[in-house]
Amino acid sequence: MSLPENYARERRVATLAVQRATIYTQKVFHSLVKGTVSKDDRSPVTIGDFGAQALVIAAIRHNFPDDEVAAEEESSLLRSNPELRDQVWKLVSQVCLPDAEEDSLLGGPLKDENAMLDAIDAGKSTGGNRGRIWALDPIDGTLGFLRGGQYAISLGLIQDGEVVVGVLGCPNLPVDKTARVINSESDREGQNDDGLGAIYSAVAGHGASIRPLARRRGPEEEPIQMREPLSLSVASFCEGVEAAHSSHSQQKAIAERLGIVAPPVRLDSAAKYAVIARGLADIYLRLPRNLSYEENFWDHAAGYLIVKEAGGEVTDAMGRRVDFGKGRTLAANKGIVAAPAGIHGKVLEAVRAVWGS
Ligand SMILES: Nc1ncnc2c1ncn2[C@@H]1O[C@H](COP(=O)(O)OS(=O)(=O)O)[C@@H](OP(=O)(O)O)[C@H]1O
Ligand SMILES: [Mg+2]
Ligand SMILES: [Mg+2]
Ligand SMILES: [Mg+2]
């Protein structure tokens, strides 16, 4: 089989599929704000996850019918709950891209509820290190999504165990690299939402780029590059919000050891990868508190490639290469350390001193 040189078609389809799914999740979020969807239970998350997964997988299957997809959700809850299913379908059936030609590239609207359920269930690949497998998280950072903070639609193409295409839709990240990163609805006060929403993408060996989410037509892609901080004393790091997912105290000790003085930027989801790739912060630390936890590979595939292609290095917390060919989880790895290539070694030394033993 001859390999496509730069995966241009894969990147284009993935970017548009992620754009369509973000339009959908924003619709869900607004119906949540308006009160048409209740915030008390998990339904907004569920409606968001299921619909976004259906929209992305339908687009992939339309364009690459021989590829496998491994995605977070499956449809049994929707099949047994007609009311929820109707809510999802009502929103899914309204979503299209602003540009008709681009929308038809994705296969146009989904046909009916059954097509939606089938698309959701086409995400059951078990992963592995052979062939082409798309890893999809339809909403990563579900808690951030609910809060009106950061969440991401994360889509990566893994070929023979290597990530070759990565796309991250980040509806609540600024396009402008000097803007503030919000992480809740209340952070937005006084801020103009117009500049929010970016899609990051990367192809192995071909760099990473950003484009605004809301652009109507044309590429408007801009290459991105990480900052190489002149000294660690001016660097900043980002970490997750949930103290159960990573050790804030150990991450603080590592930052102190490195001479980092700025407080951590805390945000949910794979948007953390986008934030360092864009130069809004420098280092992403995810040191597990629970050593038996295996990271889902869809939480990392896209972000990993975007950071690498923006000039970064990404390993696990023990300095090992991140292995995406082990199934639906990163079974051979623990935690994540992502930093500009020039300082990654130093960061790892500090991680080893504080955590490695
Ligand atoms: N115990 C534990 N340790 C590490 N990671 C876990 C754990 N439990 C869940 N998850 C996964 O975390 C995903 C959300 O990651 P975040 O980076 O947004 O979380 S955090 O902000 O760091 O707290 C989240 O993804 P989503 O479910 O898509 O939101 C989970 O896949
Ligand atoms: Mg996730
Ligand atoms: Mg998810
Ligand atoms: Mg989840």
# chains A, B, ... in the order shown; residues from 1 in each chain; ligands from 1
>>> residues_around(residues="region 110-113 of chain A", least_positions_apart="5", cutoff="8 Å", atoms="only C-alpha atoms", output="list in words")
Leu55, Ala58, Arg85, Trp89, Val92 and Ser93 of chain A
>>> residues_around(residues="Tyr293 (chain A)", least_positions_apart="3", cutoff="12 Å", atoms="only C-alpha atoms", output="list in words")
Ala244, His245, Ser246, Leu287, Pro288, Arg289, Asn290, Asn296, Thr329, Leu330, Ala331, Ala332, Asn333, Lys334 and Gly335 of chain A
>>> residues_near_ligand(ligand="ligand 1", cutoff="10 Å", atoms="only C-alpha atoms and all ligand atoms", output="PyMOL selection string")
chain A and resi 45+49+72-73+136-145+150-154+238-248+266-273+285-300+329+334-335
>>> atom_distance(atom1="CA of Ala208 (chain A)", atom2="CA of Lys124 (chain A)")
28.2 Å
>>> closest_residue(among="A:Phe50, A:Thr315, A:Gln225, A:Gln26", to="ligand 4", atoms="only C-alpha atoms and all ligand atoms")
A:Phe50
>>> closest_residue(among="A:Tyr284, A:Trp134, A:Tyr24, A:Phe237", to="Ile57 (chain A)", atoms="only C-alpha atoms")
A:Trp134
>>> closest_residue(among="A:Pro229, A:Pro82, A:Gly148, A:Pro109", to="Val28 (chain A)", atoms="only C-alpha atoms")
A:Gly148
>>> select_by_dssp(residues="region 105-144 of chain A", states="strand (DSSP E or B)", output="list in words")
Lys124, Arg132, Ile133, Trp134, Ala135, Leu136, Asp137, Pro138, Ile139 and Asp140 of chain A
>>> write_last_selection(atoms="C-alpha atoms", output="compact mmCIF listing (two decimals), in the first residue's frame")
# COMPACT_ATOMS: atom_id res chain seq x y z
CA LYS A 124 -15.64 0.00 18.80
CA ARG A 132 -5.43 2.82 10.30
CA ILE A 133 -7.38 3.58 13.45
CA TRP A 134 -9.07 6.87 14.31
CA ALA A 135 -9.12 7.63 18.06
CA LEU A 136 -12.02 9.90 19.00
CA ASP A 137 -13.09 11.62 22.18
CA PRO A 138 -16.29 13.45 21.22
CA ILE A 139 -16.08 15.63 24.34
CA ASP A 140 -12.93 15.52 26.41
>>> select_by_dssp(residues="region 63-267 of chain A", states="helix (DSSP H, G or I)", output="PyMOL selection string")
chain A and resi 63+76-80+82-92+100-105+113-121+142-147+186-188+193-195+232-234+248-258
>>> write_last_selection(atoms="C-alpha atoms", output="short mmCIF file (atom, residue, chain, number, x, y, z; two decimals), in the first residue's frame")
data_model
loop_
_atom_site.label_atom_id
_atom_site.label_comp_id
_atom_site.auth_asym_id
_atom_site.auth_seq_id
_atom_site.Cartn_x
_atom_site.Cartn_y
_atom_site.Cartn_z
CA ASN A 63 -14.65 9.35 3.44
CA SER A 76 -26.95 1.36 24.45
CA LEU A 77 -28.18 4.16 26.75
CA LEU A 78 -29.76 5.97 23.79
CA ARG A 79 -31.32 2.80 22.44
CA SER A 80 -33.05 2.15 25.76
CA PRO A 82 -36.27 7.10 23.53
CA GLU A 83 -36.72 10.51 25.14
CA LEU A 84 -33.00 11.12 25.35
CA ARG A 85 -32.52 9.71 21.86
CA ASP A 86 -35.08 12.15 20.45
CA GLN A 87 -33.37 15.06 22.19
CA VAL A 88 -30.04 14.10 20.65
CA TRP A 89 -31.52 13.50 17.21
CA LYS A 90 -33.37 16.82 17.23
CA LEU A 91 -30.09 18.67 17.70
CA VAL A 92 -27.96 16.40 15.48
CA ALA A 100 -22.42 23.69 1.69
CA GLU A 101 -19.53 22.20 -0.29
CA GLU A 102 -17.65 21.39 2.90
CA ASP A 103 -20.78 19.93 4.46
CA SER A 104 -21.28 17.62 1.50
CA LEU A 105 -17.65 16.51 1.75
CA GLU A 113 -32.04 8.14 14.09
CA ASN A 114 -30.84 4.70 13.09
CA ALA A 115 -27.99 6.11 11.06
CA MET A 116 -27.06 8.15 14.12
CA LEU A 117 -27.06 5.12 16.42
CA ASP A 118 -25.08 3.06 13.91
CA ALA A 119 -22.49 5.79 13.58
CA ILE A 120 -22.09 5.95 17.37
CA ASP A 121 -21.56 2.20 17.48
CA THR A 142 -16.84 16.82 30.32
CA LEU A 143 -16.55 18.74 33.59
CA GLY A 144 -15.06 21.72 31.79
CA PHE A 145 -17.86 21.55 29.22
CA LEU A 146 -20.50 21.76 31.96
CA ARG A 147 -18.72 24.62 33.67
CA SER A 186 -17.88 33.28 35.32
CA ASP A 187 -14.38 33.87 33.88
CA ARG A 188 -16.10 35.17 30.76
CA ASP A 193 -16.74 35.75 23.12
CA ASP A 194 -16.03 36.69 19.50
CA GLY A 195 -12.37 35.73 19.67
CA LEU A 232 12.66 28.32 33.44
CA SER A 233 12.04 31.17 35.85
CA VAL A 234 9.81 32.76 33.22
CA HIS A 248 -1.13 18.86 42.18
CA SER A 249 1.23 18.69 45.14
CA GLN A 250 3.90 16.75 43.25
CA GLN A 251 3.49 18.97 40.20
CA LYS A 252 4.01 21.98 42.48
CA ALA A 253 7.17 20.42 43.92
CA ILE A 254 8.49 19.82 40.39
CA ALA A 255 7.74 23.39 39.36
CA GLU A 256 9.58 24.69 42.45
CA ARG A 257 12.54 22.48 41.69
CA LEU A 258 12.68 23.93 38.19
#
>>> atom_distance(atom1="CA of Asp176 (chain A)", atom2="CA of Leu32 (chain A)")
27.1 Å
>>> closest_residue(among="A:Ile343, A:Val18, A:Ala71, A:Val167", to="ligand 4", atoms="only C-alpha atoms and all ligand atoms")
A:Ala71
>>> residues_around(residues="Val13 (chain A)", least_positions_apart="2", cutoff="8 Å", atoms="only C-alpha atoms", output="list in words")
Arg9, Glu10, Arg11, Thr15, Leu16, Ala17, Ala59, Ile60, Asn63, Leu105 and Leu106 of chain A
>>> write_last_selection(atoms="N, CA and C atoms", output="JSON list (two decimals), in the first residue's frame")
[["chain", "number", "residue", "atom", "x", "y", "z"],
["A", 9, "ARG", "N", -5.94, 15.01, 2.72],
["A", 9, "ARG", "CA", -7.38, 14.75, 2.73],
["A", 9, "ARG", "C", -7.84, 14.35, 4.13],
["A", 10, "GLU", "N", -7.03, 13.53, 4.81],
["A", 10, "GLU", "CA", -7.38, 13.13, 6.18],
["A", 10, "GLU", "C", -7.47, 14.35, 7.10],
["A", 11, "ARG", "N", -6.47, 15.24, 6.96],
["A", 11, "ARG", "CA", -6.47, 16.42, 7.81],
["A", 11, "ARG", "C", -7.69, 17.30, 7.52],
["A", 15, "THR", "N", -10.58, 17.94, 10.20],
["A", 15, "THR", "CA", -10.80, 19.30, 10.68],
["A", 15, "THR", "C", -12.26, 19.71, 10.51],
["A", 16, "LEU", "N", -12.83, 19.40, 9.36],
["A", 16, "LEU", "CA", -14.23, 19.77, 9.12],
["A", 16, "LEU", "C", -15.18, 18.95, 10.00],
["A", 17, "ALA", "N", -14.84, 17.69, 10.21],
["A", 17, "ALA", "CA", -15.69, 16.85, 11.08],
["A", 17, "ALA", "C", -15.68, 17.39, 12.51],
["A", 59, "ALA", "N", -18.81, 11.22, 9.34],
["A", 59, "ALA", "CA", -17.94, 11.89, 8.36],
["A", 59, "ALA", "C", -16.73, 11.02, 8.01],
["A", 60, "ILE", "N", -16.17, 10.35, 9.00],
["A", 60, "ILE", "CA", -15.01, 9.49, 8.73],
["A", 60, "ILE", "C", -15.43, 8.30, 7.88],
["A", 63, "ASN", "N", -15.87, 9.09, 4.21],
["A", 63, "ASN", "CA", -14.65, 9.35, 3.44],
["A", 63, "ASN", "C", -13.64, 8.21, 3.47],
["A", 105, "LEU", "N", -18.86, 17.33, 1.63],
["A", 105, "LEU", "CA", -17.65, 16.51, 1.75],
["A", 105, "LEU", "C", -17.78, 15.54, 2.94],
["A", 106, "LEU", "N", -18.47, 15.97, 3.97],
["A", 106, "LEU", "CA", -18.66, 15.11, 5.15],
["A", 106, "LEU", "C", -19.81, 14.12, 4.96]]
>>> closest_residue(among="A:Pro44, A:Gly303, A:Gly279, A:Gly319", to="Val165 (chain A)", atoms="only C-alpha atoms")
A:Gly303
>>> closest_residue(among="A:Ala301, A:Tyr7, A:Gln19, A:Met226", to="ligand 2", atoms="only C-alpha atoms and all ligand atoms")
A:Ala301
>>> residues_around(residues="Pro263 (chain A)", least_positions_apart="2", cutoff="8 Å", atoms="only C-alpha atoms", output="list in words")
Ser236, Phe237, Val261 and Val265 of chain A
>>> write_last_selection(atoms="N, CA and C atoms", output="mmCIF file, in the first residue's frame")
data_model
loop_
_atom_site.group_PDB
_atom_site.id
_atom_site.type_symbol
_atom_site.label_atom_id
_atom_site.label_comp_id
_atom_site.auth_asym_id
_atom_site.auth_seq_id
_atom_site.Cartn_x
_atom_site.Cartn_y
_atom_site.Cartn_z
ATOM 1 N N SER A 236 5.832 28.831 32.431
ATOM 2 C CA SER A 236 4.659 28.501 33.239
ATOM 3 C C SER A 236 4.194 27.107 32.858
ATOM 4 N N PHE A 237 3.496 26.465 33.772
ATOM 5 C CA PHE A 237 3.034 25.123 33.427
ATOM 6 C C PHE A 237 1.533 25.024 33.568
ATOM 7 N N VAL A 261 8.151 30.206 38.874
ATOM 8 C CA VAL A 261 7.509 30.998 39.922
ATOM 9 C C VAL A 261 6.030 31.273 39.637
ATOM 10 N N VAL A 265 -1.421 27.180 35.329
ATOM 11 C CA VAL A 265 -2.655 27.456 34.597
ATOM 12 C C VAL A 265 -3.461 26.169 34.663
#
>>> atom_distance(atom1="CA of Ala277 (chain A)", atom2="CA of Ala338 (chain A)")
9.6 Å
